[in-house]
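Asks: My structure file data_19.txt, compact mmCIF, C-alpha atoms, is below:
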# COMPACT_ATOMS: atom_id res chain seq x y z
CA MET D 1 28.90 -13.94 4.79
CA SER D 2 29.26 -10.69 2.91
CA LEU D 3 26.73 -8.53 1.14
CA ALA D 4 28.06 -9.53 -2.26
CA THR D 5 27.64 -13.25 -1.57
CA ILE D 6 24.05 -12.67 -0.42
CA PHE D 7 23.25 -11.14 -3.80
CA GLU D 8 25.04 -13.96 -5.64
CA LYS D 9 23.41 -16.67 -3.60
CA TYR D 10 19.86 -15.38 -3.87
CA PRO D 11 19.41 -13.98 -7.37
CA ASN D 12 15.63 -14.22 -6.98
CA ARG D 13 15.53 -11.65 -4.26
CA GLN D 14 14.73 -8.69 -6.41
CA TYR D 15 12.98 -6.48 -3.87
CA ILE D 16 15.70 -4.94 -1.77
CA MET D 17 14.96 -2.80 1.26
CA PHE D 18 17.15 -1.03 3.75
CA GLY D 19 15.36 -0.22 6.95
CA GLY D 20 16.33 1.54 10.13
CA LYS D 21 16.01 4.75 12.03
CA GLY D 22 16.19 8.03 10.22
CA GLY D 23 19.64 9.36 9.41
CA LEU D 24 21.55 6.09 9.72
CA GLY D 25 22.23 5.77 6.03
CA LYS D 26 19.31 3.98 4.41
CA THR D 27 19.35 6.22 1.37
CA THR D 28 23.12 6.09 0.92
CA PHE D 29 23.11 2.30 1.15
CA SER D 30 20.19 2.09 -1.26
CA ALA D 31 22.03 4.29 -3.74
CA ALA D 32 25.32 2.41 -3.34
CA THR D 33 23.65 -0.98 -3.74
CA ALA D 34 21.84 0.24 -6.83
CA TYR D 35 25.14 1.53 -8.19
CA TYR D 36 26.89 -1.77 -7.53
CA LEU D 37 24.16 -3.90 -9.15
CA ALA D 38 23.95 -1.59 -12.15
CA LYS D 39 27.71 -1.86 -12.64
CA LYS D 40 27.24 -5.63 -12.55
CA GLY D 41 24.96 -5.28 -15.55
CA LYS D 42 21.59 -5.53 -13.81
CA ARG D 43 18.74 -3.17 -14.53
CA VAL D 44 18.02 -1.47 -11.25
CA LEU D 45 15.37 0.93 -10.08
CA VAL D 46 15.93 2.67 -6.78
CA PHE D 47 12.84 4.47 -5.62
CA SER D 48 11.52 6.40 -2.70
CA VAL D 49 8.07 7.43 -1.60
CA ASP D 50 9.21 9.65 1.21
CA PRO D 51 7.87 13.20 0.85
CA GLN D 52 11.23 14.40 2.12
CA ALA D 53 13.04 12.04 -0.18
CA SER D 54 16.76 12.38 -0.48
CA LEU D 55 17.50 10.46 -3.67
CA SER D 56 17.50 13.79 -5.48
CA ASP D 57 20.15 15.01 -3.05
CA ILE D 58 22.35 11.98 -3.18
CA PHE D 59 22.33 11.73 -6.97
CA GLU D 60 22.52 15.51 -7.18
CA ARG D 61 19.63 15.69 -9.61
CA ASP D 62 16.09 16.86 -9.20
CA ILE D 63 14.01 13.75 -9.85
CA PHE D 64 11.06 14.40 -7.53
CA GLY D 65 7.78 13.42 -9.18
CA LYS D 66 9.43 13.02 -12.58
CA GLY D 67 9.13 9.26 -13.08
CA ASN D 68 12.06 6.92 -13.70
CA ILE D 69 15.21 8.92 -14.41
CA GLU D 70 18.35 7.28 -15.76
CA ILE D 71 21.32 8.10 -13.56
CA ILE D 72 23.96 5.91 -15.20
CA PRO D 73 23.37 3.07 -17.69
CA ASN D 74 21.11 0.45 -16.04
CA LEU D 75 20.53 2.57 -12.96
CA TYR D 76 17.25 4.40 -12.67
CA ALA D 77 15.94 6.45 -9.78
CA CYS D 78 12.43 7.56 -8.99
CA GLU D 79 10.89 9.70 -6.30
CA VAL D 80 7.14 9.32 -6.02
CA ASP D 81 5.20 12.45 -5.19
CA ALA D 82 2.61 10.96 -2.83
CA ASP D 83 0.61 14.18 -2.48
CA LYS D 84 0.26 14.56 -6.20
CA ARG D 85 -0.73 10.93 -6.48
CA ILE D 86 -3.52 11.45 -3.97
CA ARG D 87 -4.72 14.57 -5.79
CA ASP D 88 -4.72 12.81 -9.16
CA TYR D 89 -6.55 9.88 -7.68
CA GLN D 90 -9.25 12.08 -6.16
CA GLU D 91 -9.66 13.80 -9.50
CA GLU D 92 -10.01 10.44 -11.19
CA ILE D 93 -12.83 9.53 -8.77
CA ARG D 94 -14.56 12.85 -9.46
CA GLN D 95 -14.38 12.30 -13.20
CA LYS D 96 -15.72 8.81 -12.79
CA ILE D 97 -18.73 10.03 -10.83
CA ILE D 98 -19.41 12.78 -13.35
CA SER D 99 -19.25 10.45 -16.31
CA MET D 100 -21.19 7.65 -14.60
CA TYR D 101 -24.15 9.81 -13.78
CA GLY D 102 -23.86 12.56 -16.37
CA MET D 103 -23.60 15.15 -13.61
CA GLU D 104 -22.41 18.66 -14.24
CA LYS D 105 -20.73 18.90 -10.89
CA ILE D 106 -20.20 16.67 -7.89
CA PRO D 107 -22.91 16.99 -5.21
CA GLU D 108 -21.69 18.98 -2.24
CA GLU D 109 -21.69 16.17 0.32
CA ILE D 110 -19.83 13.83 -2.01
CA GLU D 111 -17.31 16.52 -2.82
CA SER D 112 -16.66 17.27 0.83
CA TYR D 113 -16.19 13.57 1.49
CA ILE D 114 -13.63 13.31 -1.27
CA ARG D 115 -11.84 16.39 0.00
CA ALA D 116 -11.87 15.22 3.61
CA SER D 117 -10.47 11.83 2.64
CA SER D 118 -7.01 13.25 1.97
CA ALA D 119 -6.79 14.30 5.61
CA GLU D 120 -7.45 10.79 6.90
CA PRO D 121 -4.52 9.27 8.76
CA ALA D 122 -4.05 6.17 6.64
CA MET D 123 -4.48 7.94 3.31
CA GLU D 124 -0.85 8.64 2.70
CA GLU D 125 0.43 5.18 3.62
CA SER D 126 -2.17 3.56 1.42
CA ALA D 127 -1.35 5.86 -1.47
CA ILE D 128 2.35 5.19 -1.02
CA PHE D 129 2.03 1.45 -0.98
CA ASP D 130 -0.38 1.53 -3.88
CA ALA D 131 2.23 3.49 -5.80
CA VAL D 132 4.80 0.85 -4.95
CA VAL D 133 2.57 -1.86 -6.38
CA ASP D 134 2.27 0.17 -9.58
CA ILE D 135 6.03 0.47 -9.85
CA VAL D 136 6.73 -3.15 -9.12
CA VAL D 137 4.02 -4.89 -11.19
CA LYS D 138 5.41 -3.40 -14.38
CA GLY D 139 8.41 -5.68 -13.93
CA ASP D 140 10.78 -3.63 -16.08
CA PHE D 141 13.75 -4.12 -13.79
CA ASP D 142 15.91 -6.91 -12.38
CA TYR D 143 16.10 -5.22 -8.99
CA TYR D 144 13.85 -2.85 -7.12
CA ILE D 145 15.54 -1.05 -4.31
CA TYR D 146 13.03 0.49 -2.04
CA ASP D 147 14.32 3.39 -0.01
CA LEU D 148 11.86 2.99 2.84
CA VAL D 149 10.36 5.71 4.91
CA PRO D 150 11.30 5.22 8.56
CA LEU D 151 10.27 1.86 9.95
CA GLY D 152 7.09 2.98 11.66
CA HIS D 153 5.30 3.54 8.36
CA ALA D 154 6.13 0.15 7.00
CA LEU D 155 5.02 -1.60 10.16
CA TYR D 156 1.90 0.49 10.34
CA TYR D 157 1.06 -0.42 6.80
CA LEU D 158 1.69 -4.13 7.31
CA SER D 159 -0.58 -4.23 10.33
CA MET D 160 -3.16 -2.21 8.43
CA ALA D 161 -2.95 -4.61 5.51
CA SER D 162 -3.84 -7.58 7.67
CA ILE D 163 -6.80 -5.74 9.18
CA TYR D 164 -8.05 -4.63 5.77
CA ASP D 165 -7.78 -8.13 4.57
CA ALA D 166 -10.07 -9.44 7.29
CA TRP D 167 -12.35 -6.50 6.73
CA LEU D 168 -12.56 -7.07 3.00
CA GLU D 169 -13.33 -10.71 3.60
CA LYS D 170 -16.37 -9.64 5.62
CA ILE D 171 -17.78 -7.07 3.23
CA THR D 172 -17.18 -9.29 0.25
CA GLY D 173 -19.31 -11.84 2.07
CA LEU D 174 -21.99 -9.22 2.64
CA ARG D 175 -21.84 -8.25 -1.00
CA GLU D 176 -22.29 -11.86 -2.05
CA GLN D 177 -25.31 -12.13 0.19
CA MET D 178 -26.78 -9.03 -1.41
CA ARG D 179 -26.24 -10.60 -4.78
CA GLU D 180 -28.18 -13.67 -3.64
CA TYR D 181 -31.07 -11.40 -2.77
CA ASP D 182 -30.84 -9.75 -6.16
CA ARG D 183 -31.14 -13.13 -7.80
CA ALA D 184 -34.02 -14.23 -5.60
CA ILE D 185 -35.90 -11.02 -6.26
CA ALA D 186 -35.28 -11.28 -9.97
CA THR D 187 -36.61 -14.83 -10.01
CA MET D 188 -39.69 -13.88 -8.03
CA GLN D 189 -40.40 -10.98 -10.33
CA ARG D 190 -39.52 -13.11 -13.32
CA GLU D 191 -36.88 -10.75 -14.58
CA ASP D 192 -33.38 -11.27 -15.80
CA VAL D 193 -30.67 -11.06 -13.21
CA SER D 194 -29.40 -7.50 -13.26
CA GLU D 195 -26.00 -6.61 -14.63
CA GLU D 196 -22.75 -7.57 -12.95
CA ASP D 197 -21.98 -6.13 -9.56
CA GLU D 198 -19.40 -3.41 -10.13
CA ILE D 199 -18.82 -3.00 -6.41
CA TYR D 200 -17.94 -6.64 -6.06
CA LYS D 201 -15.39 -6.21 -8.81
CA GLU D 202 -13.91 -3.18 -7.06
CA LEU D 203 -13.68 -5.10 -3.80
CA MET D 204 -11.78 -7.87 -5.55
CA TYR D 205 -9.46 -5.30 -7.09
CA ILE D 206 -8.79 -3.71 -3.68
CA LYS D 207 -8.14 -7.10 -2.17
CA ASN D 208 -5.57 -7.90 -4.83
CA ARG D 209 -3.84 -4.55 -4.48
CA ILE D 210 -3.54 -4.82 -0.70
CA GLY D 211 -2.37 -8.40 -1.04
CA ALA D 212 0.21 -7.43 -3.64
CA SER D 213 1.59 -4.54 -1.62
CA SER D 214 2.08 -6.49 1.58
CA LYS D 215 3.48 -9.37 -0.44
CA ILE D 216 6.26 -7.14 -1.75
CA MET D 217 7.47 -6.79 1.81
CA THR D 218 6.82 -10.31 3.01
CA ASP D 219 7.72 -12.55 0.07
CA THR D 220 10.47 -14.82 1.37
CA GLU D 221 11.51 -15.76 -2.15
CA LYS D 222 11.78 -12.31 -3.59
CA THR D 223 12.38 -9.92 -0.75
CA ALA D 224 15.55 -9.10 1.11
CA PHE D 225 15.28 -6.74 4.02
CA PHE D 226 18.46 -5.28 5.50
CA PHE D 227 18.67 -3.40 8.74
CA VAL D 228 20.99 -0.45 8.94
CA LEU D 229 22.48 0.38 12.32
CA THR D 230 25.39 2.22 13.84
CA PRO D 231 27.60 1.02 16.70
CA GLU D 232 25.70 2.71 19.52
CA GLU D 233 23.85 0.87 22.25
CA MET D 234 20.60 2.73 21.90
CA ILE D 235 20.48 2.08 18.17
CA ILE D 236 21.21 -1.60 18.76
CA ALA D 237 18.36 -1.86 21.22
CA ASP D 238 16.00 -0.12 18.79
CA THR D 239 17.07 -2.30 15.91
CA GLU D 240 16.48 -5.43 17.95
CA LYS D 241 13.00 -4.26 18.81
CA ALA D 242 12.21 -3.38 15.22
CA ALA D 243 13.57 -6.70 13.98
CA GLY D 244 11.25 -8.48 16.40
CA LEU D 245 8.28 -6.52 15.11
CA PHE D 246 9.17 -7.15 11.49
CA ALA D 247 9.55 -10.85 12.18
CA LYS D 248 6.02 -10.80 13.54
CA TYR D 249 4.77 -9.63 10.17
CA ASP D 250 6.89 -12.19 8.32
CA VAL D 251 9.25 -9.71 6.74
CA PRO D 252 12.21 -11.83 5.63
CA LEU D 253 15.32 -10.43 7.28
CA ALA D 254 18.42 -10.81 5.14
CA GLY D 255 20.95 -9.28 7.49
CA TYR D 256 22.42 -6.24 9.19
CA VAL D 257 24.76 -3.59 7.88
CA VAL D 258 26.71 -1.53 10.37
CA ASN D 259 27.43 2.03 9.33
CA ARG D 260 29.80 4.76 10.52
CA VAL D 261 32.47 2.58 12.09
CA ILE D 262 35.48 4.71 12.99
CA SER D 263 38.74 3.01 12.08
CA ARG D 264 40.55 1.46 15.07
CA GLY D 265 43.84 2.19 13.35
CA LEU D 266 43.44 5.77 14.50
CA LEU D 267 44.15 4.66 18.08
CA ASP D 268 47.85 4.34 17.21
CA GLU D 269 47.99 7.94 16.17
CA LYS D 270 47.94 11.06 18.21
CA ILE D 271 44.23 11.77 18.39
CA PRO D 272 42.12 13.85 20.75
CA GLU D 273 40.55 12.25 23.82
CA TYR D 274 37.11 12.81 22.34
CA LEU D 275 37.82 10.60 19.34
CA ARG D 276 39.56 8.00 21.49
CA ASN D 277 36.47 7.71 23.66
CA ARG D 278 34.20 7.37 20.69
CA ILE D 279 36.32 4.59 19.22
CA GLU D 280 36.24 2.74 22.52
CA MET D 281 32.49 3.20 22.79
CA GLN D 282 32.11 1.82 19.28
CA ALA D 283 34.38 -1.12 20.05
CA HIS D 284 32.12 -2.10 22.89
CA ALA D 285 28.99 -1.64 20.78
CA LEU D 286 30.51 -3.70 17.95
CA ASP D 287 31.09 -6.54 20.42
CA VAL D 288 27.44 -6.36 21.41
CA ILE D 289 26.43 -6.38 17.75
CA ASN D 290 28.55 -9.45 17.05
CA GLU D 291 27.12 -11.20 20.04
CA LYS D 292 23.51 -10.43 19.15
CA PHE D 293 23.49 -10.67 15.37
CA GLY D 294 26.60 -12.75 14.69
CA SER D 295 26.85 -14.03 11.17
CA LEU D 296 23.92 -11.91 10.05
CA VAL D 297 26.17 -8.85 10.11
CA LEU D 298 27.02 -8.56 6.44
CA ALA D 299 29.17 -5.46 6.30
CA ARG D 300 30.83 -2.94 8.57
CA VAL D 301 31.08 0.31 6.71
CA PRO D 302 33.59 2.91 7.89
CA GLU D 303 32.79 6.50 8.64
CA PHE D 304 33.78 8.47 5.55
CA ASP D 305 35.64 11.73 5.76
CA SER D 306 33.07 13.41 3.55
CA GLU D 307 29.35 13.19 2.96
CA ILE D 308 28.15 10.53 0.53
CA LYS D 309 26.80 12.69 -2.23
CA GLY D 310 27.24 12.44 -5.96
CA LEU D 311 28.36 9.45 -8.03
CA ASP D 312 32.04 9.54 -7.02
CA THR D 313 31.40 9.03 -3.33
CA ILE D 314 28.57 6.57 -4.03
CA LYS D 315 31.06 4.50 -6.00
CA LYS D 316 33.56 4.61 -3.14
CA LEU D 317 30.89 3.49 -0.68
CA ALA D 318 29.73 0.68 -2.98
CA GLU D 319 33.28 -0.59 -3.27
CA VAL D 320 33.61 -0.73 0.49
CA MET D 321 30.19 -2.28 1.04
CA PHE D 322 30.68 -5.01 -1.54
CA GLU D 323 34.44 -5.36 -1.11
CA GLU D 324 35.12 -5.07 -4.80
CA THR D 325 36.73 -2.54 -7.11
CA LEU D 326 34.22 -1.23 -9.61
CA SER D 327 35.03 0.11 -13.05
CA MET O 1 -32.42 -4.22 -22.24
CA ALA O 2 -35.55 -2.39 -21.13
CA LYS O 3 -37.08 -2.97 -24.55
CA LYS O 4 -36.44 -6.65 -24.37
CA LYS O 5 -38.22 -6.83 -21.07
CA ASN O 6 -41.30 -5.11 -22.49
CA GLU O 7 -41.47 -7.54 -25.37
CA LYS O 8 -41.35 -10.39 -22.97
CA LYS O 9 -44.16 -8.95 -20.92
CA LYS O 10 -46.28 -8.45 -24.04
CA LYS O 11 -45.77 -12.01 -25.13
CA SER O 12 -47.02 -13.28 -21.82
CA GLY O 13 -50.27 -11.34 -22.18
CA GLY O 14 -53.70 -12.90 -22.56
CA ILE O 15 -55.51 -15.10 -20.10
CA VAL O 16 -52.54 -17.30 -19.32
CA GLY O 17 -50.43 -14.26 -18.70
CA PHE O 18 -53.11 -12.72 -16.54
CA LEU O 19 -53.35 -15.87 -14.46
CA ARG O 20 -49.60 -16.00 -14.12
CA ASP O 21 -49.44 -12.40 -12.97
CA PHE O 22 -52.35 -12.98 -10.66
CA THR O 23 -50.70 -15.99 -9.05
CA TYR O 24 -47.48 -14.02 -8.76
CA GLY O 25 -49.35 -11.27 -7.00
CA MET O 26 -50.97 -13.67 -4.57
CA ALA O 27 -48.02 -15.85 -3.87
CA THR O 28 -44.81 -13.98 -4.24
CA HIS O 29 -45.47 -10.30 -4.25
CA GLY O 30 -45.23 -10.06 -0.49
CA MET O 31 -42.12 -12.14 -0.44
CA ALA O 32 -40.53 -10.07 -3.13
CA ARG O 33 -41.34 -6.91 -1.26
CA HIS O 34 -39.81 -8.29 1.87
CA ALA O 35 -36.74 -9.40 -0.01
CA LEU O 36 -36.40 -5.97 -1.58
CA LYS O 37 -36.62 -4.38 1.82
CA THR O 38 -33.97 -6.64 3.24
CA ARG O 39 -31.86 -6.01 0.20
CA SER O 40 -32.04 -2.27 0.69
CA SER O 41 -31.18 -2.61 4.36
CA MET O 42 -28.12 -4.52 3.34
CA GLU O 43 -27.25 -1.84 0.85
CA HIS O 44 -27.38 0.70 3.64
CA LEU O 45 -25.35 -1.49 5.91
CA PHE O 46 -22.80 -1.84 3.17
CA ILE O 47 -22.50 1.91 2.70
CA LEU O 48 -22.29 2.35 6.45
CA ILE O 49 -19.35 -0.01 6.61
CA THR O 50 -17.56 1.50 3.67
CA MET O 51 -18.43 5.18 3.91
CA GLY O 52 -19.03 5.36 7.65
CA ASP O 53 -16.77 8.35 8.08
CA MET O 54 -19.40 10.50 6.39
CA LEU O 55 -21.32 10.12 9.62
CA GLY O 56 -18.20 10.25 11.71
CA ILE O 57 -17.61 6.52 11.96
CA PRO O 58 -14.25 5.87 10.33
CA ILE O 59 -13.92 2.27 9.30
CA LEU O 60 -12.41 1.70 5.90
CA PRO O 61 -9.04 2.89 4.62
CA PRO O 62 -10.10 6.00 2.76
CA TYR O 63 -7.77 5.39 -0.14
CA TYR O 64 -9.69 2.34 -1.22
CA SER O 65 -13.12 3.41 -0.09
CA LEU O 66 -12.89 6.21 -2.65
CA ARG O 67 -12.88 3.55 -5.34
CA LEU O 68 -16.30 2.41 -4.16
CA LEU O 69 -17.71 5.90 -3.86
CA PRO O 70 -18.80 6.35 -7.50
CA HIS O 71 -20.93 3.22 -7.28
CA VAL O 72 -22.93 4.33 -4.28
CA VAL O 73 -23.43 8.00 -5.11
CA PRO O 74 -27.17 7.65 -5.85
CA GLN O 75 -27.81 5.84 -2.58
CA ILE O 76 -25.89 8.23 -0.35
CA THR O 77 -28.69 10.70 0.30
CA THR O 78 -31.33 8.15 1.22
CA TRP O 79 -28.79 6.27 3.28
CA LYS O 80 -27.81 9.33 5.27
CA ARG O 81 -31.41 10.30 5.86
CA ARG O 82 -32.24 6.82 7.02
CA MET O 83 -29.23 6.39 9.26
CA LEU O 84 -29.76 9.70 10.96
CA ARG O 85 -33.48 9.19 11.33
CA GLU O 86 -33.35 5.78 12.97
CA LYS O 87 -33.40 5.97 16.73
CA ASP O 88 -30.94 3.17 16.85
CA PHE O 89 -29.38 2.58 13.51
CA VAL O 90 -27.87 -0.69 14.60
CA GLU O 91 -31.43 -1.91 14.86
CA SER O 92 -32.06 -0.91 11.29
CA MET O 93 -29.39 -3.19 10.00
CA TYR O 94 -31.38 -6.28 10.67
Can you present the structure in this file as structure tokens?
Replies:
Amino acid sequence: MSLATIFEKYPNRQYIMFGGKGGLGKTTFSAATAYYLAKKGKRVLVFSVDPQASLSDIFERDIFGKGNIEIIPNLYACEVDADKRIRDYQEEIRQKIISMYGMEKIPEEIESYIRASSAEPAMEESAIFDAVVDIVVKGDFDYYIYDLVPLGHALYYLSMASIYDAWLEKITGLREQMREYDRAIATMQREDVSEEDEIYKELMYIKNRIGASSKIMTDTEKTAFFFVLTPEEMIIADTEKAAGLFAKYDVPLAGYVVNRVISRGLLDEKIPEYLRNRIEMQAHALDVINEKFGSLVLARVPEFDSEIKGLDTIKKLAEVMFEETLS
Amino acid sequence: MAKKKNEKKKKSGGIVGFLRDFTYGMATHGMARHALKTRSSMEHLFILITMGDMLGIPILPPYYSLRLLPHVVPQITTWKRRMLREKDFVESMY
């Protein structure tokens, strides 16, 4: 099967992700896929939450923290500024406290807690995935192409999400119990039951957000996850490991895309020993890939003679990936 | 809402009201007090679970615990005092 047929066959899969080690071509494939789908008349948003995002570089436009920017008709790109999001969010909490209690300024211990929170290890991941939920729930696009941060983050978040879920279950239970007590006390003191429990509402909100964000990655109907790899044995081994881990968290794997394949045709020409060896090494690795992943290998993308940067090269790459000439 | 409550209390004045209050005092006041105490222990347990990192016990993802923070601001000081005072704060949860 080819990449193009996957997209034709599963039109419902609107969350597209390319995963893999850093530097293998996740961003270029994300950009090329977005380009291809946009040319096919779909509204596409390609977005990244990586603080060192490279969508700006590949589209040769500064889009960092600027919202959805139109690159060509139907193709939008967005780089989320996670740090700014955290700062804005903290400010929002401060304002809420001030307005709830009519305070002039936040008490010192509360303030230091808010400030310290941004240094917590899970803060950034949570903020990132919360941002993703925001982007996706709006539903303005046919396709969402998520230029993932390196795999570790995604896995870390998925495992976190399942722990939070269990955790939320517990404290929601506790909260309900507290509510029971409120009611009992109110009855005993012959008073009306006090107003609604705002904390309970917040807990429900958090539960939904966490559920929604892990769903984006694990929805078998709507998600397609592609692994990017290059023909090198170490990368193959890593990819296999990662695929196993992702399977554990029910991330639906759509297939593999092999990048940077050097053309075998070069062997007939007069080429240096160095290149000859690399081609042979790749040939062996490609055999291993075929053996391990077989029909799940959707495309073998050649090594280009220049960097993929700017719309012209993105177009060229898209044409190779999807085996189709684009207008 | 506070006004409404007062009106209600006034209505239930007189001998009947007195008797009702008296019975309440005899029968349920102790229970209510106990319930209130348990309720406040739970409140403190809840804050411990959600804001534990204030005392150096990180438990909840901070991103979402911040959402809860505004709602527990008034309780934070008493909670901290209580947690740090208890010889064994685990004991105080129950």
Asks: At a cut-off of 6 Å, list the chain D residues touching chain O, using all atoms listed in the file, as a PyMOL selection string.
Replies: chain D and resi 97+117+123+185
Asks: With all atoms listed in the file as the counted atoms, please give the residues lying no more than 9 Å from Lys66 (chain D), apart from itself and same-chain residues fewer than 4 positions off, as a PyMOL selection string.
Replies: chain D and resi 62+78-81
Asks: Put those residues in a file: C-alpha atoms, as a CSV table (one decimal), keeping the file's coordinate frame.
Replies:
chain,number,residue,atom,x,y,z
D,62,ASP,CA,16.1,16.9,-9.2
D,78,CYS,CA,12.4,7.6,-9.0
D,79,GLU,CA,10.9,9.7,-6.3
D,80,VAL,CA,7.1,9.3,-6.0
D,81,ASP,CA,5.2,12.4,-5.2
Asks: Within 8 Å of (29.6, 6.8, 11.4) in the file's own coordinates, which protein, DNA or RNA residues have an atom, counting all atoms listed in the file? List them as a list in words.
Replies: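 It turns out the residues near that spot are Thr230, Asn259, Arg260, Val261, Ile262, Pro302, Glu303 and Phe304 of chain D.
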Asks: Report the distance between CA of Val46 (chain D) and CA of Gly244 (chain D) in Å, rounded to one decimal place.
Replies: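 It comes out at 26.1 Å.
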Asks: Near Phe141 (chain D), within 9 Å and counting only C-alpha atoms, which residues show up once chain neighbours fewer than 6 positions away are dropped, as a list in words?
Replies: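 The contact residues come out as Gln14, Lys42, Arg43, Val44, Leu45 and Asn74 of chain D.
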Asks: Write out as an MDAnalysis selection string each polymer residue whose atoms come within 10 Å of Ala161 (chain D), counting only C-alpha atoms; drop sequence neighbours fewer than 6 positions from it.
Replies: (chainID D and resid 126 155 167 207 210:211 213:215) or (chainID O and resid 61)
Asks: By how many Å are CA of Lys21 (chain D) and CA of Gly67 (chain D) apart?
Replies: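 The value is 26.4 Å.
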Asks: Just the number, please: distance in Å from CA of Ala299 (chain D) to CA of Tyr35 (chain D), one decimal.
Replies: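 We find that CA of Ala299 (chain D) and CA of Tyr35 (chain D) lie 16.6 Å from each other.
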Asks: Because the input lacks atoms here, generate all heavy atoms for region 20-25 of chain O and report them as a tab-separated table (two decimals), in the frame of the given file.
Replies:
chain	number	residue	atom	x	y	z
O	20	ARG	N	-50.96	-15.91	-14.66
O	20	ARG	CA	-49.60	-16.00	-14.12
O	20	ARG	C	-49.32	-14.77	-13.23
O	20	ARG	O	-48.84	-14.90	-12.12
O	20	ARG	CB	-48.58	-16.07	-15.25
O	20	ARG	CG	-47.24	-16.59	-14.77
O	20	ARG	CD	-46.23	-16.59	-15.88
O	20	ARG	NE	-46.56	-17.51	-16.96
O	20	ARG	CZ	-46.19	-17.32	-18.23
O	20	ARG	NH1	-45.52	-16.24	-18.56
O	20	ARG	NH2	-46.49	-18.20	-19.16
O	21	ASP	N	-49.67	-13.61	-13.76
O	21	ASP	CA	-49.44	-12.40	-12.97
O	21	ASP	C	-50.25	-12.42	-11.68
O	21	ASP	O	-49.77	-12.01	-10.62
O	21	ASP	CB	-49.82	-11.15	-13.79
O	21	ASP	CG	-48.79	-10.87	-14.86
O	21	ASP	OD1	-47.69	-11.46	-14.77
O	21	ASP	OD2	-49.07	-10.08	-15.78
O	22	PHE	N	-51.47	-12.93	-11.83
O	22	PHE	CA	-52.35	-12.98	-10.66
O	22	PHE	C	-51.75	-13.88	-9.57
O	22	PHE	O	-51.65	-13.51	-8.40
O	22	PHE	CB	-53.72	-13.50	-11.09
O	22	PHE	CG	-54.73	-13.44	-9.98
O	22	PHE	CD1	-55.25	-12.21	-9.57
O	22	PHE	CD2	-55.15	-14.60	-9.33
O	22	PHE	CE1	-56.17	-12.15	-8.53
O	22	PHE	CE2	-56.06	-14.54	-8.29
O	22	PHE	CZ	-56.58	-13.31	-7.89
O	23	THR	N	-51.32	-15.05	-10.01
O	23	THR	CA	-50.70	-15.99	-9.05
O	23	THR	C	-49.47	-15.36	-8.42
O	23	THR	O	-49.23	-15.47	-7.23
O	23	THR	CB	-50.26	-17.31	-9.74
O	23	THR	OG1	-50.98	-17.43	-10.94
O	23	THR	CG2	-50.49	-18.49	-8.83
O	24	TYR	N	-48.69	-14.68	-9.28
O	24	TYR	CA	-47.48	-14.02	-8.76
O	24	TYR	C	-47.86	-13.04	-7.67
O	24	TYR	O	-47.30	-13.03	-6.58
O	24	TYR	CB	-46.76	-13.30	-9.90
O	24	TYR	CG	-45.80	-12.24	-9.39
O	24	TYR	CD1	-44.58	-12.60	-8.80
O	24	TYR	CD2	-46.12	-10.88	-9.47
O	24	TYR	CE1	-43.73	-11.65	-8.31
O	24	TYR	CE2	-45.27	-9.92	-8.99
O	24	TYR	CZ	-44.08	-10.30	-8.40
O	24	TYR	OH	-43.23	-9.34	-7.91
O	25	GLY	N	-48.90	-12.27	-7.96
O	25	GLY	CA	-49.35	-11.27	-7.00
O	25	GLY	C	-49.75	-11.90	-5.69
O	25	GLY	O	-49.37	-11.45	-4.61
